[in-house]
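Asker: So that we are looking at the same thing, I have put the structure below in structure tokens.
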Amino acid sequence: YAVGHFITFVFTHHDREERRSFSISSSPGLGEPLAFTVKRIDNGAYSRLLIDRAAVGDKLQTTGTAGLFTVPAYEHSYRQVFFFAAGIGITPVFSLIKTLLHNEPSKNIVLIYSNRRREDTVFYEELRALEQASADTFKLEFLYSTSFNLARARLNKSLVPVLLEEYGRTTRDKMLFYICGPFTYMRMAIFALEEQGVHSDQIKKENFNPNDTKVIKQEPADKERHQVTIK
């Protein structure tokens with residue numbers, strides 16, 4: 001598998017095949033065993049199965065790995081890589097950061113990671129260890145929505161340019177961006193980056209739940225010509 005890939009498992013439920021995909025958190029180039037990270041959902045049939053019931057010796061059927069949230073072939077042309085992650089969206093990001101720190105030790109990397117609170121933060125200790133080991137090139141900031149400092153509690157369109165100015169070490173055109181998290185979070189981050197002059201080709205995103213957002217083709221109620229005045 002490639003860094004940033006997800007793996008899809010096949011389950012049988014009431015004689016019907018169902019598939020679930022999980023992002024891989026291990027790095028193929030660091031000699032780590034393949035690992036994927038699962039968020040337990042209260043009514044999630046397969047997340048509960050994997051977390052509550054899976055045991056050593058169990059066998060899982062998989063269709064293999066895939067995904068486009070990977071390191072591009074032209075990555076060397078960028079001098080700085082920004083990661084924006086929220087919640088369990090850290091999973092593929094964790095794999096990418098480990099790999100880049102290993103393969104490109106001089107590359108400047110920034111991670112802005114949003115969670116509700118410290119206790120909900122996945123890979124907190126591991127990320128802190130990476131930060132300490134690569135203090136000169138890896139910058140890490142945790143954003144907690146329960147923080148008393150509302151200016152740095154949630155990622156928002158006003159905070160994005162502040163973070164780019166604070167952590168930026170090169171020009172906008174030499175930055176590469178990865179975004180992973182809930183749909184509304186990623187949409188906001190993409191809009192904010194584009195407003196700062198970042199081209200869409202510089203932004204890579206991972207859709208965890210692509211089926212959650214349905215495209216609705218709806219005709220406008222009024223197609224007549226109107227005279228408008230904009231002040």
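Labels for the structure tokens follow display order: chains A, B, ..., residues from 1 in each chain, ligands from 1.
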Just the residues within 12 Å of Gly67 in chain A, please, counting only C-alpha atoms, with nothing from its chain fewer than 2 positions along; format it as a PyMOL selection string.
Answerer: chain A and resi 1-8+21-24+64-65+69-71+92+204-208
Asker: Keeping C-alpha atoms, export the residues of the selection given above as a short mmCIF file (atom, residue, chain, number, x, y, z; two decimals), in the first residue's frame.
Answerer:
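Listed below is the output, again.cif:
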data_model
loop_
_atom_site.label_atom_id
_atom_site.label_comp_id
_atom_site.auth_asym_id
_atom_site.auth_seq_id
_atom_site.Cartn_x
_atom_site.Cartn_y
_atom_site.Cartn_z
CA TYR A 1 0.00 0.00 0.00
CA ALA A 2 1.03 3.61 -0.40
CA VAL A 3 1.21 6.22 2.33
CA GLY A 4 -2.20 7.91 2.66
CA HIS A 5 -4.15 4.92 1.37
CA PHE A 6 -7.30 3.45 2.92
CA ILE A 7 -8.21 -0.23 3.12
CA THR A 8 -11.67 -1.65 2.36
CA SER A 21 -13.21 1.57 4.39
CA PHE A 22 -10.71 2.72 7.03
CA SER A 23 -7.68 4.94 6.58
CA ILE A 24 -4.27 3.39 7.20
CA GLY A 64 -7.24 -4.13 -1.04
CA THR A 65 -6.00 -0.60 -0.61
CA PHE A 69 -4.71 11.24 -0.57
CA THR A 70 -1.08 10.43 -1.20
CA VAL A 71 2.27 12.15 -1.73
CA PRO A 92 -4.05 9.22 7.04
CA LYS A 204 -5.53 17.57 -1.41
CA LYS A 205 -8.52 16.36 0.60
CA GLU A 206 -9.77 13.03 1.94
CA ASN A 207 -13.52 12.46 1.93
CA PHE A 208 -14.38 10.13 4.80
#
Asker: When DSSP is applied to the backbone of this structure, which of range 48-217 of chain A are assigned alpha helix (DSSP H)? Write them out as a ChimeraX atom specification.
Answerer: /A:48,90-103,124-133,159-167,183-195
Asker: Find the residues near Val162 in chain A: any atom within 12 Å, counting only C-alpha atoms, skip ones fewer than 4 places away on the same chain, and give them as a list in words.
Answerer: Ala151, Arg152, Leu155, Asn156, Lys157, Ser158, Glu166, Tyr167, Gly168, Ala192, Leu193 and Gln196 of chain A
Asker: Generate a file of the selected residues that holds N, CA, C and O atoms, formatted as a tab-separated table (two decimals), in the first residue's frame.
Answerer:
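And here is the file that came out, part06.tsv:
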chain	number	residue	atom	x	y	z
A	151	ALA	N	-10.43	32.56	20.10
A	151	ALA	CA	-9.71	32.90	18.87
A	151	ALA	C	-8.92	31.72	18.34
A	151	ALA	O	-8.62	31.65	17.14
A	152	ARG	N	-8.55	30.76	19.21
A	152	ARG	CA	-7.79	29.58	18.80
A	152	ARG	C	-8.51	28.31	19.22
A	152	ARG	O	-7.88	27.31	19.51
A	155	LEU	N	-11.03	25.92	14.04
A	155	LEU	CA	-10.51	26.42	12.78
A	155	LEU	C	-11.63	27.17	12.07
A	155	LEU	O	-12.74	26.66	11.95
A	156	ASN	N	-11.35	28.38	11.62
A	156	ASN	CA	-12.36	29.17	10.92
A	156	ASN	C	-11.68	30.01	9.85
A	156	ASN	O	-10.45	30.08	9.77
A	157	LYS	N	-12.49	30.67	9.03
A	157	LYS	CA	-11.95	31.41	7.89
A	157	LYS	C	-11.08	32.58	8.31
A	157	LYS	O	-10.22	33.02	7.55
A	158	SER	N	-11.29	33.09	9.51
A	158	SER	CA	-10.46	34.18	10.00
A	158	SER	C	-9.13	33.68	10.55
A	158	SER	O	-8.12	34.39	10.50
A	166	GLU	N	1.67	32.95	10.54
A	166	GLU	CA	2.47	32.58	11.71
A	166	GLU	C	3.45	31.45	11.41
A	166	GLU	O	4.61	31.48	11.85
A	167	TYR	N	2.99	30.44	10.66
A	167	TYR	CA	3.82	29.26	10.42
A	167	TYR	C	4.47	29.24	9.03
A	167	TYR	O	5.34	28.41	8.77
A	168	GLY	N	4.03	30.12	8.15
A	168	GLY	CA	4.55	30.11	6.78
A	168	GLY	C	6.03	30.42	6.73
A	168	GLY	O	6.49	31.37	7.36
A	192	ALA	N	-11.24	29.05	2.64
A	192	ALA	CA	-10.33	29.99	3.30
A	192	ALA	C	-8.97	30.02	2.61
A	192	ALA	O	-8.38	31.09	2.44
A	193	LEU	N	-8.47	28.86	2.20
A	193	LEU	CA	-7.18	28.80	1.52
A	193	LEU	C	-7.26	29.46	0.15
A	193	LEU	O	-6.35	30.20	-0.26
A	196	GLN	N	-6.94	33.02	0.16
A	196	GLN	CA	-5.56	33.47	0.41
A	196	GLN	C	-4.65	33.27	-0.80
A	196	GLN	O	-3.44	33.37	-0.69
Asker: Please identify all polymer residues within 12 Å of range 10-15 of chain A, counting only C-alpha atoms, omitting same-chain residues fewer than 5 positions from it, and present them as a PyMOL selection string.
Answerer: chain A and resi 20-22+45-47+49-50+59-64
Asker: Which residues, written as number ranges by chain, have at least one atom at most 8 Å from Gln80 in chain A, with only C-alpha atoms counted and residues fewer than 3 positions away on the same chain left out?
Answerer: A: 107-110, 168-170, 174-176
Asker: Select from range 82-101 of chain A every residue with an atom at most 10 Å from any atom of range 124-143 of chain A, then for each give the shortest pair of atoms and their distance in Å to one decimal, using only C-alpha atoms, rows by chain and rising number, as a tab-separated table.
Answerer:
residue	atom	partner	partner_atom	distance
A:Phe82	CA	A:Lys139	CA	9.5
A:Phe83	CA	A:Leu140	CA	9.6
A:Ala85	CA	A:Phe142	CA	9.8
A:Ala86	CA	A:Leu143	CA	9.1
A:Phe94	CA	A:Leu127	CA	8.0
A:Ile97	CA	A:Phe138	CA	9.0
A:Lys98	CA	A:Leu130	CA	7.9
A:Leu101	CA	A:Ser134	CA	7.7
Asker: Based on the selection just made, write N, CA, C and O atoms of those residues as a PDB file, in the first residue's frame.
Answerer:
ATOM      1  N   PHE A  82       1.429  21.895   4.707  1.00  0.00           N
ATOM      2  CA  PHE A  82       0.483  22.151   5.787  1.00  0.00           C
ATOM      3  C   PHE A  82      -0.546  21.024   5.841  1.00  0.00           C
ATOM      4  O   PHE A  82      -1.054  20.587   4.804  1.00  0.00           O
ATOM      5  N   PHE A  83      -0.836  20.552   7.049  1.00  0.00           N
ATOM      6  CA  PHE A  83      -1.893  19.565   7.260  1.00  0.00           C
ATOM      7  C   PHE A  83      -2.964  20.172   8.166  1.00  0.00           C
ATOM      8  O   PHE A  83      -2.651  20.700   9.239  1.00  0.00           O
ATOM      9  N   ALA A  85      -6.299  18.813  10.053  1.00  0.00           N
ATOM     10  CA  ALA A  85      -7.037  17.590  10.372  1.00  0.00           C
ATOM     11  C   ALA A  85      -7.998  17.847  11.523  1.00  0.00           C
ATOM     12  O   ALA A  85      -7.740  18.682  12.394  1.00  0.00           O
ATOM     13  N   ALA A  86      -9.100  17.124  11.517  1.00  0.00           N
ATOM     14  CA  ALA A  86     -10.086  17.230  12.597  1.00  0.00           C
ATOM     15  C   ALA A  86     -10.526  15.831  13.002  1.00  0.00           C
ATOM     16  O   ALA A  86     -10.843  14.998  12.144  1.00  0.00           O
ATOM     17  N   PHE A  94      -1.480  11.226   9.879  1.00  0.00           N
ATOM     18  CA  PHE A  94      -0.427  10.690  10.737  1.00  0.00           C
ATOM     19  C   PHE A  94       0.560   9.868   9.919  1.00  0.00           C
ATOM     20  O   PHE A  94       1.782   9.981  10.072  1.00  0.00           O
ATOM     21  N   ILE A  97       2.625  12.330   7.642  1.00  0.00           N
ATOM     22  CA  ILE A  97       3.628  13.112   8.369  1.00  0.00           C
ATOM     23  C   ILE A  97       4.826  12.252   8.748  1.00  0.00           C
ATOM     24  O   ILE A  97       5.988  12.660   8.582  1.00  0.00           O
ATOM     25  N   LYS A  98       4.573  11.049   9.261  1.00  0.00           N
ATOM     26  CA  LYS A  98       5.678  10.155   9.622  1.00  0.00           C
ATOM     27  C   LYS A  98       6.573   9.883   8.410  1.00  0.00           C
ATOM     28  O   LYS A  98       7.806   9.887   8.518  1.00  0.00           O
ATOM     29  N   LEU A 101       8.567  13.118   7.330  1.00  0.00           N
ATOM     30  CA  LEU A 101       9.658  13.413   8.260  1.00  0.00           C
ATOM     31  C   LEU A 101      10.830  12.452   8.063  1.00  0.00           C
ATOM     32  O   LEU A 101      11.990  12.821   8.267  1.00  0.00           O
TER      33      LEU A 101
END
Asker: What gap, in Å, lies between CA of Thr91 in chain A and CA of Ile41 in chain A?
Answerer: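 About the pair CA of Thr91 in chain A and CA of Ile41 in chain A: they are 16.0 Å apart.
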Asker: Give me every strand (DSSP E or B) residue in range 1-92 of chain A, going by DSSP on the backbone, as a ChimeraX atom specification.
Answerer: /A:6-13,16-24,36,61-66,80-86
Asker: Store the residues picked out above, limited to C-alpha atoms, as a tab-separated table (two decimals), in the first residue's frame.
Answerer:
chain	number	residue	atom	x	y	z
A	6	PHE	CA	-7.30	3.45	2.92
A	7	ILE	CA	-8.21	-0.23	3.12
A	8	THR	CA	-11.67	-1.65	2.36
A	9	PHE	CA	-13.08	-4.65	4.21
A	10	VAL	CA	-15.93	-6.88	3.09
A	11	PHE	CA	-18.49	-8.02	5.67
A	12	THR	CA	-21.50	-10.30	5.31
A	13	HIS	CA	-24.70	-9.15	7.00
A	16	ARG	CA	-25.73	-9.40	1.96
A	17	GLU	CA	-22.25	-8.08	1.25
A	18	GLU	CA	-21.34	-4.76	2.84
A	19	ARG	CA	-18.09	-2.85	2.61
A	20	ARG	CA	-16.40	-0.40	4.96
A	21	SER	CA	-13.21	1.57	4.39
A	22	PHE	CA	-10.71	2.72	7.03
A	23	SER	CA	-7.68	4.94	6.58
A	24	ILE	CA	-4.27	3.39	7.20
A	36	PHE	CA	-5.74	1.17	10.41
A	61	GLN	CA	-11.65	-10.15	3.87
A	62	THR	CA	-10.43	-7.08	2.00
A	63	THR	CA	-10.63	-5.75	-1.54
A	64	GLY	CA	-7.24	-4.13	-1.04
A	65	THR	CA	-6.00	-0.60	-0.61
A	66	ALA	CA	-6.62	2.52	-2.66
A	80	GLN	CA	6.39	23.50	3.00
A	81	VAL	CA	3.50	21.14	3.69
A	82	PHE	CA	0.48	22.15	5.79
A	83	PHE	CA	-1.89	19.56	7.26
A	84	PHE	CA	-5.35	20.49	8.56
A	85	ALA	CA	-7.04	17.59	10.37
A	86	ALA	CA	-10.09	17.23	12.60
Asker: Which value, in Å to one decimal, gives the distance between CA of His102 in chain A and CA of Thr37 in chain A?
Answerer: 21.1 Å
Asker: Interatomic distance between CA of Ser26 in chain A and CA of Arg40 in chain A?
Answerer: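 One can read the CA of Ser26 in chain A to CA of Arg40 in chain A distance as 19.0 Å.
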